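Coordinates as given in entry.tsv (TSV, C-alpha atoms):
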chain	number	residue	atom	x	y	z
G	1	MET	CA	100.06	102.55	95.62
G	2	ILE	CA	101.32	99.00	95.87
G	3	LEU	CA	105.03	98.57	95.15
G	4	ALA	CA	106.55	95.14	94.64
G	5	VAL	CA	110.27	94.80	95.33
G	6	SER	CA	111.47	91.82	93.36
G	7	GLY	CA	114.49	90.67	91.41
G	8	GLY	CA	114.60	86.93	90.97
G	9	LYS	CA	117.81	85.99	92.70
G	10	GLY	CA	118.09	85.44	96.44
G	11	GLY	CA	120.43	87.48	98.60
G	12	VAL	CA	120.62	90.52	96.35
G	13	GLY	CA	119.11	92.84	98.94
G	14	LYS	CA	115.38	92.85	98.22
G	15	SER	CA	114.47	93.01	101.90
G	16	THR	CA	116.99	95.79	102.57
G	17	VAL	CA	115.60	97.87	99.72
G	18	SER	CA	111.99	97.06	100.79
G	19	LEU	CA	112.49	98.16	104.38
G	20	ASN	CA	114.29	101.33	103.37
G	21	LEU	CA	111.80	102.23	100.67
G	22	ALA	CA	108.97	101.70	103.14
G	23	ARG	CA	110.73	104.16	105.45
G	24	GLU	CA	111.28	106.70	102.68
G	25	LEU	CA	107.73	106.35	101.31
G	26	ASP	CA	106.11	106.12	104.73
G	27	ALA	CA	104.52	102.85	103.66
G	28	VAL	CA	103.56	99.54	105.24
G	29	VAL	CA	106.03	96.85	104.28
G	30	VAL	CA	104.70	93.31	103.77
G	31	ASP	CA	107.17	90.47	104.16
G	32	ALA	CA	105.75	88.28	101.41
G	33	ASP	CA	108.62	85.80	101.42
G	34	LEU	CA	106.38	83.08	102.85
G	35	ALA	CA	109.01	80.41	103.43
G	36	THR	CA	112.20	82.35	104.03
G	37	PRO	CA	111.22	85.71	105.52
G	38	ASP	CA	113.91	88.29	106.11
G	39	LEU	CA	112.19	91.30	107.62
G	40	PRO	CA	111.92	91.50	111.40
G	41	SER	CA	109.34	89.14	112.91
G	42	GLY	CA	106.55	90.64	114.94
G	43	ARG	CA	104.84	89.66	118.15
G	44	GLY	CA	101.24	89.32	117.00
G	45	PRO	CA	99.54	87.60	114.08
G	46	ASP	CA	101.55	87.44	110.85
G	47	LEU	CA	101.05	87.08	107.10
G	48	HIS	CA	100.62	83.31	107.42
G	49	ASP	CA	97.65	83.94	109.72
G	50	VAL	CA	96.21	86.50	107.32
G	51	LEU	CA	96.59	84.26	104.27
G	52	ALA	CA	95.03	81.36	106.17
G	53	GLY	CA	92.06	83.51	107.15
G	54	ARG	CA	92.89	83.60	110.87
G	55	ALA	CA	93.55	87.34	111.11
G	56	THR	CA	92.69	90.50	109.19
G	57	PRO	CA	95.53	92.31	107.39
G	58	THR	CA	95.10	95.37	109.59
G	59	ASP	CA	95.35	93.32	112.78
G	60	ALA	CA	98.63	91.84	111.68
G	61	VAL	CA	100.35	95.17	110.94
G	62	GLU	CA	102.64	96.36	113.69
G	63	ARG	CA	105.14	99.11	114.17
G	64	ILE	CA	108.68	97.80	114.34
G	65	GLY	CA	110.99	100.73	114.99
G	66	SER	CA	109.95	103.53	112.65
G	67	VAL	CA	108.29	101.33	110.03
G	68	LEU	CA	104.89	99.64	109.86
G	69	VAL	CA	105.45	95.99	109.05
G	70	LEU	CA	103.18	93.08	108.20
G	71	PRO	CA	105.63	90.42	109.34
G	72	CYS	CA	105.76	86.89	108.03
G	73	GLY	CA	105.49	83.73	110.11
G	74	ARG	CA	108.52	81.54	110.58
G	75	THR	CA	107.00	78.09	110.26
G	76	LEU	CA	106.85	75.83	107.24
G	77	ALA	CA	103.38	74.66	108.25
G	78	GLY	CA	102.25	78.29	108.19
G	79	ALA	CA	103.79	78.80	104.77
G	80	ARG	CA	102.03	75.71	103.44
G	81	ALA	CA	98.67	76.74	104.90
G	82	SER	CA	98.84	80.16	103.25
G	83	ASP	CA	96.37	80.66	100.45
G	84	LEU	CA	98.12	82.68	97.73
G	85	ALA	CA	94.80	83.55	96.16
G	86	THR	CA	94.03	85.89	99.06
G	87	LEU	CA	97.31	87.82	98.81
G	88	ARG	CA	95.96	90.34	96.35
G	89	ARG	CA	93.02	91.16	98.57
G	90	THR	CA	95.36	91.48	101.54
G	91	VAL	CA	97.63	94.06	99.94
G	92	GLU	CA	94.68	95.93	98.50
G	93	THR	CA	93.13	96.19	101.95
G	94	LEU	CA	96.39	97.62	103.27
G	95	ASP	CA	96.60	99.99	100.30
G	96	ARG	CA	93.14	101.38	101.09
G	97	GLN	CA	93.96	101.69	104.76
G	98	TYR	CA	97.49	103.07	104.64
G	99	GLY	CA	97.78	104.47	101.12
G	100	ARG	CA	101.17	102.95	100.41
G	101	VAL	CA	102.31	99.36	100.55
G	102	VAL	CA	105.72	97.85	99.80
G	103	VAL	CA	105.69	94.12	99.11
G	104	ASP	CA	109.01	92.36	99.73
G	105	CYS	CA	108.89	89.49	97.22
G	106	PRO	CA	110.68	86.16	97.64
G	107	ALA	CA	113.45	84.95	95.36
G	108	GLY	CA	112.70	82.85	92.33
G	109	LEU	CA	110.12	83.16	89.61
G	110	ALA	CA	107.42	80.84	90.86
G	111	ARG	CA	103.78	81.64	91.17
G	112	ASP	CA	104.11	83.44	94.49
G	113	VAL	CA	106.26	86.11	92.80
G	114	GLY	CA	103.91	86.20	89.82
G	115	VAL	CA	100.88	86.81	92.04
G	116	GLN	CA	102.73	89.50	93.99
G	117	LEU	CA	103.90	91.31	90.87
G	118	HIS	CA	100.40	91.10	89.49
G	119	SER	CA	98.95	92.55	92.70
G	120	ALA	CA	101.30	95.54	92.53
G	121	ASP	CA	100.92	98.87	90.75
G	122	VAL	CA	104.66	99.38	90.25
G	123	ALA	CA	107.75	97.28	90.77
G	124	VAL	CA	111.37	97.88	91.68
G	125	LEU	CA	113.88	95.24	90.62
G	126	VAL	CA	116.89	94.65	92.86
G	127	THR	CA	119.97	93.03	91.41
G	128	MET	CA	123.72	92.94	91.83
G	129	PRO	CA	126.58	93.51	89.39
G	130	GLU	CA	127.01	89.86	88.53
G	131	ARG	CA	125.79	87.78	85.64
G	132	ALA	CA	123.36	85.41	87.41
G	133	ALA	CA	121.66	88.20	89.34
G	134	LEU	CA	121.30	90.36	86.22
G	135	LEU	CA	119.83	87.48	84.23
G	136	ASP	CA	117.30	86.75	86.97
G	137	ALA	CA	116.36	90.40	87.14
G	138	TYR	CA	115.85	90.38	83.38
G	139	ARG	CA	113.54	87.37	83.67
G	140	THR	CA	111.62	89.11	86.43
G	141	ARG	CA	111.29	92.16	84.19
G	142	HIS	CA	109.73	89.92	81.54
G	143	LEU	CA	107.25	88.47	84.04
G	144	ALA	CA	106.35	91.94	85.34
G	145	HIS	CA	105.72	92.98	81.77
G	146	GLU	CA	103.50	89.94	81.17
G	147	VAL	CA	101.34	90.65	84.19
G	148	GLY	CA	101.20	94.34	83.29
G	149	THR	CA	103.18	95.91	86.13
G	150	PRO	CA	105.48	98.82	85.17
G	151	ILE	CA	109.02	98.90	86.57
G	152	ALA	CA	109.94	102.14	88.26
G	153	SER	CA	113.62	101.45	88.70
G	154	VAL	CA	116.35	98.84	88.77
G	155	VAL	CA	118.63	98.90	91.81
G	156	LEU	CA	122.19	97.73	91.24
G	157	ASN	CA	122.92	96.81	94.81
G	158	ARG	CA	126.45	96.56	96.16
G	159	GLY	CA	127.83	98.18	93.07
G	160	THR	CA	130.74	100.58	93.26
G	161	ARG	CA	131.39	103.84	91.59
G	162	PRO	CA	132.89	104.49	89.18
G	163	GLN	CA	133.56	100.98	87.91
G	164	HIS	CA	129.92	99.89	87.70
G	165	GLU	CA	128.65	103.06	86.10
G	166	ALA	CA	129.12	101.70	82.60
G	167	LEU	CA	127.27	98.54	83.64
G	168	ALA	CA	124.45	100.62	85.10
G	169	GLU	CA	124.14	102.40	81.79
G	170	ARG	CA	123.94	99.12	79.93
G	171	VAL	CA	121.31	97.83	82.36
G	172	GLU	CA	119.38	101.02	81.83
G	173	GLU	CA	119.47	100.51	78.08
G	174	THR	CA	118.62	96.80	78.16
G	175	PHE	CA	115.85	97.09	80.74
G	176	GLY	CA	114.56	100.41	79.48
G	177	THR	CA	114.33	101.53	83.09
G	178	PRO	CA	116.25	104.07	85.20
G	179	THR	CA	118.99	102.28	87.14
G	180	THR	CA	120.30	103.26	90.55
G	181	ILE	CA	123.58	102.11	92.05
G	182	LEU	CA	123.27	101.42	95.77
G	183	GLU	CA	126.86	101.18	96.86
G	184	ARG	CA	128.18	98.70	99.38
G	185	ARG	CA	128.51	100.72	102.58
G	186	ALA	CA	129.13	100.03	106.23
G	187	ALA	CA	126.09	102.10	107.16
G	188	VAL	CA	123.78	99.87	105.11
G	189	ALA	CA	125.29	96.73	106.62
G	190	ALA	CA	125.06	98.13	110.15
G	191	ALA	CA	121.42	99.15	109.71
G	192	ASN	CA	120.65	95.77	108.18
G	193	ALA	CA	122.18	93.92	111.08
G	194	ARG	CA	119.86	95.80	113.42
G	195	GLY	CA	116.82	95.29	111.18
G	196	LYS	CA	116.42	99.04	110.77
G	197	PRO	CA	116.30	101.46	107.83
G	198	VAL	CA	119.57	103.28	107.13
G	199	ARG	CA	117.94	106.63	107.87
G	200	ASP	CA	117.31	105.58	111.46
G	201	VAL	CA	120.86	104.36	112.03
G	202	GLU	CA	123.05	106.69	109.99
G	203	PRO	CA	120.96	109.52	108.61
G	204	ASP	CA	124.04	111.23	107.12
G	205	SER	CA	125.07	108.26	105.00
G	206	PRO	CA	125.03	108.92	101.23
G	207	ALA	CA	122.95	105.72	100.97
G	208	VAL	CA	120.03	107.62	102.48
G	209	ASP	CA	120.12	110.09	99.57
G	210	VAL	CA	120.20	107.26	97.06
G	211	LEU	CA	117.22	105.55	98.72
G	212	SER	CA	115.33	108.80	98.97
G	213	THR	CA	115.90	109.53	95.27
G	214	LEU	CA	114.75	105.99	94.50
G	215	ALA	CA	111.56	106.57	96.49
G	216	ARG	CA	110.88	109.77	94.51
G	217	SER	CA	111.30	107.91	91.21
G	218	VAL	CA	108.80	105.30	92.44
G	219	GLU	CA	106.36	108.11	93.23
G	220	ARG	CA	106.88	109.60	89.77
G	221	CYS	CA	106.24	106.25	88.11
G	222	ASP	CA	103.06	105.83	90.14
G	223	ARG	CA	101.89	109.33	89.22
G	224	ARG	CA	102.44	108.57	85.54
G	225	ARG	CA	100.40	105.40	85.95
G	226	LEU	CA	97.53	107.31	87.56
G	227	GLU	CA	97.66	110.00	84.88
G	228	ARG	CA	97.44	107.37	82.19
G	229	ALA	CA	94.50	105.76	83.94
G	230	ASP	CA	92.71	109.10	84.31
G	231	PRO	CA	93.99	111.58	81.71
G	232	THR	CA	91.67	114.44	82.69
G	233	PRO	CA	93.72	117.43	83.91
G	234	GLU	CA	93.12	118.70	87.41
L	1	MET	CA	82.52	70.32	63.78
L	2	VAL	CA	83.08	70.76	67.48
L	3	GLU	CA	81.55	68.11	69.67
L	4	VAL	CA	81.10	68.02	73.40
L	5	GLU	CA	80.54	64.80	75.20
L	6	THR	CA	79.57	65.15	78.82
L	7	ALA	CA	79.15	62.78	81.72
L	8	TYR	CA	78.51	63.35	85.36
L	9	GLU	CA	78.44	61.49	88.56
L	10	ARG	CA	77.14	62.35	92.02
L	11	ARG	CA	79.34	61.50	94.92
L	12	THR	CA	78.85	62.50	98.56
L	13	GLY	CA	76.72	65.49	97.72
L	14	VAL	CA	78.95	66.76	94.93
L	15	THR	CA	78.29	66.48	91.23
L	16	LEU	CA	81.44	65.77	89.25
L	17	VAL	CA	81.05	66.78	85.62
L	18	ARG	CA	83.49	65.76	82.95
L	19	ALA	CA	83.46	66.50	79.27
L	20	THR	CA	85.50	66.01	76.15
L	21	VAL	CA	85.59	68.77	73.55
L	22	THR	CA	86.58	67.43	70.14
L	23	ASN	CA	87.48	69.57	67.15
L	24	THR	CA	87.13	67.68	63.88
L	25	ARG	CA	87.72	70.76	61.73
L	26	THR	CA	91.00	71.70	60.13
L	27	THR	CA	91.44	75.03	61.94
L	28	PRO	CA	91.89	75.73	65.65
L	29	GLN	CA	88.59	76.62	67.28
L	30	PHE	CA	87.91	78.93	70.19
L	31	VAL	CA	85.24	77.21	72.24
L	32	ARG	CA	83.09	78.60	75.01
L	33	LEU	CA	81.18	76.23	77.27
L	34	ARG	CA	78.82	77.02	80.10
L	35	SER	CA	77.57	75.04	83.03
L	36	THR	CA	73.82	74.58	82.92
L	37	LEU	CA	73.59	73.52	86.53
L	38	ASP	CA	71.97	75.83	88.98
L	39	GLY	CA	74.69	76.19	91.57
L	40	PRO	CA	78.25	77.35	92.07
L	41	THR	CA	80.89	76.03	89.67
L	42	TRP	CA	84.01	74.72	91.32
L	43	PRO	CA	86.73	74.70	88.69
L	44	PRO	CA	89.68	72.35	89.04
L	45	SER	CA	92.68	73.97	90.67
L	46	ARG	CA	96.18	73.13	89.65
L	47	SER	CA	98.19	73.50	92.79
L	48	ARG	CA	95.93	76.02	94.46
L	49	VAL	CA	95.39	78.25	91.44
L	50	GLY	CA	92.10	77.83	89.59
L	51	ALA	CA	92.37	76.62	85.99
L	52	PRO	CA	92.63	79.80	83.89
L	53	GLU	CA	90.09	78.53	81.34
L	54	TRP	CA	87.31	78.89	83.87
L	55	ASN	CA	85.66	82.19	84.69
L	56	GLY	CA	82.54	81.83	86.79
L	57	ASP	CA	80.45	79.17	85.10
L	58	THR	CA	82.07	79.61	81.67
L	59	TRP	CA	84.97	77.71	80.20
L	60	GLU	CA	86.92	79.18	77.30
L	61	GLY	CA	89.68	77.48	75.47
L	62	VAL	CA	91.22	76.76	72.11
L	63	VAL	CA	90.96	73.25	70.70
L	64	GLU	CA	93.54	72.47	68.03
L	65	PRO	CA	92.41	70.80	64.78
L	66	GLY	CA	91.84	67.06	65.14
L	67	GLN	CA	92.42	67.25	68.88
L	68	CYS	CA	90.24	66.94	71.92
L	69	ARG	CA	90.48	68.55	75.35
L	70	GLY	CA	89.17	67.41	78.68
L	71	VAL	CA	87.06	69.74	80.77
L	72	GLY	CA	85.70	69.13	84.21
L	73	PHE	CA	84.26	70.83	87.22
L	74	ALA	CA	82.44	70.06	90.42
L	75	THR	CA	79.32	71.57	91.85
L	76	PRO	CA	77.03	70.95	94.79
L	77	ALA	CA	74.02	71.37	92.49
L	78	THR	CA	72.08	68.33	91.40
L	79	PRO	CA	71.52	67.92	87.67
L	80	ALA	CA	67.92	68.12	86.42
L	81	ARG	CA	67.48	64.37	86.68
L	82	THR	CA	66.91	63.40	90.28
L	83	ALA	CA	69.78	62.27	92.38
L	84	ALA	CA	68.27	58.87	93.06
L	85	ASP	CA	68.92	57.32	89.65
L	86	SER	CA	72.07	59.19	88.78
L	87	ALA	CA	73.88	58.15	91.91
L	88	SER	CA	74.53	54.65	90.68
L	89	GLU	CA	75.57	55.06	87.06
L	90	PRO	CA	77.22	57.95	85.27
L	91	ARG	CA	75.10	59.64	82.61
L	92	SER	CA	76.34	60.72	79.24
L	93	GLU	CA	75.09	63.24	76.76
L	94	ARG	CA	76.37	64.55	73.51
L	95	GLY	CA	76.00	67.96	71.93
L	96	SER	CA	77.54	69.26	68.78
L	97	VAL	CA	77.92	72.47	66.91
L	98	SER	CA	78.53	73.03	63.27
L	99	GLY	CA	79.92	76.38	62.14
L	100	SER	CA	79.14	79.36	64.31
L	101	GLU	CA	75.47	78.66	64.92
L	102	VAL	CA	74.80	76.69	68.02
L	103	GLU	CA	72.58	73.69	67.99
L	104	SER	CA	72.47	70.95	70.51
L	105	ARG	CA	71.46	67.42	69.84
L	106	PHE	CA	70.94	64.77	72.41
L	107	GLU	CA	70.77	61.09	71.93
L	108	SER	CA	67.30	60.93	73.36
L	109	GLU	CA	64.69	63.65	73.65
L	110	SER	CA	63.73	62.60	77.13
L	111	GLU	CA	67.28	63.17	78.41
L	112	PRO	CA	67.70	66.30	80.54
L	113	LYS	CA	69.97	69.16	79.49
L	114	PRO	CA	73.63	68.19	79.63
L	115	PRO	CA	75.51	69.76	82.54
L	116	LEU	CA	77.77	71.64	80.11
L	117	GLU	CA	76.48	73.38	77.02
L	118	LEU	CA	78.30	74.79	74.03
L	119	VAL	CA	77.81	78.52	73.85
L	120	THR	CA	79.96	79.61	70.95
L	121	VAL	CA	82.52	78.16	68.60
L	122	GLU	CA	84.63	80.41	66.45
L	123	ARG	CA	87.84	80.12	64.56
L	124	ALA	CA	90.67	80.97	66.93
L	125	SER	CA	92.42	84.18	65.99
L	126	ALA	CA	96.05	84.07	64.96
L	127	GLU	CA	97.38	85.96	67.93
L	128	SER	CA	97.05	83.80	70.97
L	129	ARG	CA	95.06	85.35	73.77
L	130	THR	CA	97.38	85.10	76.72
L	131	THR	CA	95.71	86.47	79.77
L	132	THR	CA	97.34	87.30	83.05
L	133	ARG	CA	95.53	84.34	84.57
L	134	GLU	CA	97.20	82.04	82.07
L	135	VAL	CA	100.60	83.59	82.72
L	136	LEU	CA	100.18	83.01	86.45
L	137	ALA	CA	98.84	79.48	86.02
L	138	ASP	CA	101.82	78.59	83.83
L	139	LEU	CA	104.37	79.57	86.48
L	140	ASP	CA	105.84	76.88	88.70
L	141	ASP	CA	103.99	76.24	91.90
L	142	TRP	CA	105.90	77.87	94.70
L	143	SER	CA	107.43	75.75	97.39
L	144	PRO	CA	109.87	76.45	100.20
L	145	PRO	CA	113.47	76.15	99.01
L	146	THR	CA	115.28	73.11	100.36
L	147	ASP	CA	117.73	75.12	102.43
L	148	VAL	CA	114.98	76.19	104.85
L	149	PHE	CA	115.00	72.67	106.25
L	150	SER	CA	118.61	72.88	107.28
L	151	ARG	CA	118.00	76.42	108.48
L	152	SER	CA	115.04	75.51	110.69
L	153	ARG	CA	116.90	72.51	112.04
L	154	SER	CA	119.91	74.55	113.08
L	155	GLY	CA	117.51	77.00	114.71
L	156	SER	CA	119.38	80.01	113.40
L	157	ARG	CA	116.12	81.78	112.51
Taking this structure as input, can you express it in the form of structure tokens?
Amino acid sequence: MILAVSGGKGGVGKSTVSLNLARELDAVVVDADLATPDLPSGRGPDLHDVLAGRATPTDAVERIGSVLVLPCGRTLAGARASDLATLRRTVETLDRQYGRVVVDCPAGLARDVGVQLHSADVAVLVTMPERAALLDAYRTRHLAHEVGTPIASVVLNRGTRPQHEALAERVEETFGTPTTILERRAAVAAANARGKPVRDVEPDSPAVDVLSTLARSVERCDRRRLERADPTPE
Amino acid sequence: MVEVETAYERRTGVTLVRATVTNTRTTPQFVRLRSTLDGPTWPPSRSRVGAPEWNGDTWEGVVEPGQCRGVGFATPATPARTAADSASEPRSERGSVSGSEVESRFESESEPKPPLELVTVERASAESRTTTREVLADLDDWSPPTDVFSRSRSGSR
């Protein structure tokens, strides 16, 4: 299963959700934000090297803490030399090898995001309770629909209960997708600052339950997709 | 009638083929063209993504009534006529199709096959065929946001 974590706007928490979902799903997380990567950088070859044909996807995967990461390079030259056309093959190779891949998409709605959404089996949209972020998420939903990728869930990041519950319901209605509120919490911020999933820093935080539930809904969405593709009962 | 006018030119071991597809009918026409050259077809790429009209050696596109569209590709293959005489001057051929049956006419019988041939012409259906490739090709080319310059200069990352 290839999961794209997208959302349009920058700074809404796509990388945070990607890293944590990778932990909950036991997946490889690919930092596909070619120019402004956010996930921890590795020591070996990175996604720039893979997309330029200098390394194989498997060689570039490394374990950072508890999560397998395909890190992204930090140079502009590397970003420019990356061939987007090979991204799909890269994530598919990882999917075959590891079974589950989370792709952390960049902000914006340019072709890089389009290719990543198209390469994915399911998508999760991350947004925040503010107008610009919600609009961008809605545009991303439209693009995902156009390239044929179902959306498993919308994450309303840094929302608060109970005041954003009504908003979450409206998002759910408008997007036609289950919506999860990931509340602003010290545990999430602390884990983020250390580049680690919340489960590894504060396993008792309620955020871990939210992320775990989110991971299960992604799995359900993927199962539905597979059942539709192959309707024969077991 | 849908007409295709082709021309090619050999330059440093690469054949550059260009064509104009003209639709003189009053309805939009869905046109399929195919390269007749025996070699790989290199479609034009708009900012690193191949033109969505091309798939292998076939080009498919809709030509609006009274309009023409430009088509081009490159290939390492040499057209039937030997490279020696085509290197200096570009060659032109013309083929046309009337209705759905395909017939090709050339200005002179001795001319070799044009590098692009008309395969089918049919009235374009009302619902536009938007493929994923077209959706992706229509998106903006991605580029690093401007703030990465200030970020890399300050060395915070």
(message) For a quick test of understanding: name the residues of chain L lying within 7 Å of chain G when counting only C-alpha atoms, and present them as a PyMOL selection string.
(response) chain L and resi 132+136+139-142+144+148
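Between CA of His142 in chain G and CA of Arg170 in chain G the separation is 17.0 Å.
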(message) Need to verify the contact set: Arg18 in chain L, 6 Å, all atoms listed in the file, exclusion of same-chain residues closer than 4 positions in sequence. Can you return it as a PyMOL selection string?
(response) chain L and resi 6-7+71-72
(request) Find the distance between CA of Pro231 in chain G and CA of Arg96 in chain G and write it in Å to one decimal. (result) 21.9 Å
(request) For the point (114.2, 91.1, 86.4) in the file's frame, write as a list in words all residues with an atom no more than 7 Å away, counting all atoms listed in the file. (result) Gly7, Gly8, Leu125, Asp136, Ala137, Tyr138, Arg139, Thr140, Arg141 and His142 of chain G
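Going from CA of Gly50 in chain L to CA of Ala74 in chain L covers 12.4 Å.
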(request) Determine, counting all atoms listed in the file, every residue of protein, DNA or RNA that lies within 6 Å of (85.9, 67.5, 60.5) in the file coordinates, then give the result as JSON, numbers by chain. (result) {"L": [1, 24, 25]}
Store the residues of this selection in a file with C-alpha atoms, as a compact mmCIF listing (two decimals), in the frame of the given file.
# COMPACT_ATOMS: atom_id res chain seq x y z
CA MET L 1 82.52 70.32 63.78
CA THR L 24 87.13 67.68 63.88
CA ARG L 25 87.72 70.76 61.73
With N, CA, C and O atoms as the target, complete range 66-82 of chain G and hand it back as a CSV table (one decimal), in the coordinates of the input.
chain,number,residue,atom,x,y,z
G,66,SER,N,110.7,102.4,113.3
G,66,SER,CA,110.0,103.5,112.6
G,66,SER,C,109.0,103.1,111.5
G,66,SER,O,108.4,103.9,110.9
G,67,VAL,N,109.0,101.8,111.2
G,67,VAL,CA,108.3,101.3,110.0
G,67,VAL,C,107.1,100.4,110.4
G,67,VAL,O,107.2,99.6,111.3
G,68,LEU,N,106.0,100.6,109.7
G,68,LEU,CA,104.9,99.6,109.9
G,68,LEU,C,105.2,98.4,109.0
G,68,LEU,O,105.5,98.5,107.9
G,69,VAL,N,105.1,97.2,109.7
G,69,VAL,CA,105.4,96.0,109.0
G,69,VAL,C,104.3,95.0,109.2
G,69,VAL,O,103.7,94.9,110.2
G,70,LEU,N,104.0,94.3,108.1
G,70,LEU,CA,103.2,93.1,108.2
G,70,LEU,C,104.2,91.9,108.2
G,70,LEU,O,104.6,91.5,107.1
G,71,PRO,N,104.6,91.4,109.3
G,71,PRO,CA,105.6,90.4,109.3
G,71,PRO,C,105.1,89.1,108.8
G,71,PRO,O,104.0,88.8,108.7
G,72,CYS,N,106.1,88.2,108.5
G,72,CYS,CA,105.8,86.9,108.0
G,72,CYS,C,106.1,85.9,109.1
G,72,CYS,O,107.0,86.0,109.9
G,73,GLY,N,105.3,84.8,109.1
G,73,GLY,CA,105.5,83.7,110.1
G,73,GLY,C,106.8,83.0,109.8
G,73,GLY,O,107.3,83.1,108.7
G,74,ARG,N,107.2,82.2,110.7
G,74,ARG,CA,108.5,81.5,110.6
G,74,ARG,C,108.4,80.0,110.4
G,74,ARG,O,109.4,79.3,110.4
G,75,THR,N,107.1,79.5,110.3
G,75,THR,CA,107.0,78.1,110.3
G,75,THR,C,106.7,77.6,108.9
G,75,THR,O,106.0,78.3,108.1
G,76,LEU,N,107.2,76.4,108.5
G,76,LEU,CA,106.8,75.8,107.2
G,76,LEU,C,105.4,75.5,107.1
G,76,LEU,O,104.8,75.6,106.1
G,77,ALA,N,104.8,75.0,108.3
G,77,ALA,CA,103.4,74.7,108.2
G,77,ALA,C,102.6,75.9,107.9
G,77,ALA,O,101.6,75.8,107.1
G,78,GLY,N,102.9,77.0,108.5
G,78,GLY,CA,102.2,78.3,108.2
G,78,GLY,C,102.4,78.7,106.7
G,78,GLY,O,101.4,79.1,106.1
G,79,ALA,N,103.6,78.5,106.2
G,79,ALA,CA,103.8,78.8,104.8
G,79,ALA,C,102.9,77.9,103.9
G,79,ALA,O,102.3,78.4,102.9
G,80,ARG,N,102.8,76.6,104.3
G,80,ARG,CA,102.0,75.7,103.4
G,80,ARG,C,100.5,76.0,103.5
G,80,ARG,O,99.8,75.8,102.6
G,81,ALA,N,100.1,76.5,104.7
G,81,ALA,CA,98.7,76.7,104.9
G,81,ALA,C,98.2,78.1,104.3
G,81,ALA,O,97.0,78.4,104.2
G,82,SER,N,99.2,78.9,103.8
G,82,SER,CA,98.8,80.2,103.2
G,82,SER,C,98.2,80.0,101.9
G,82,SER,O,98.7,79.3,101.0
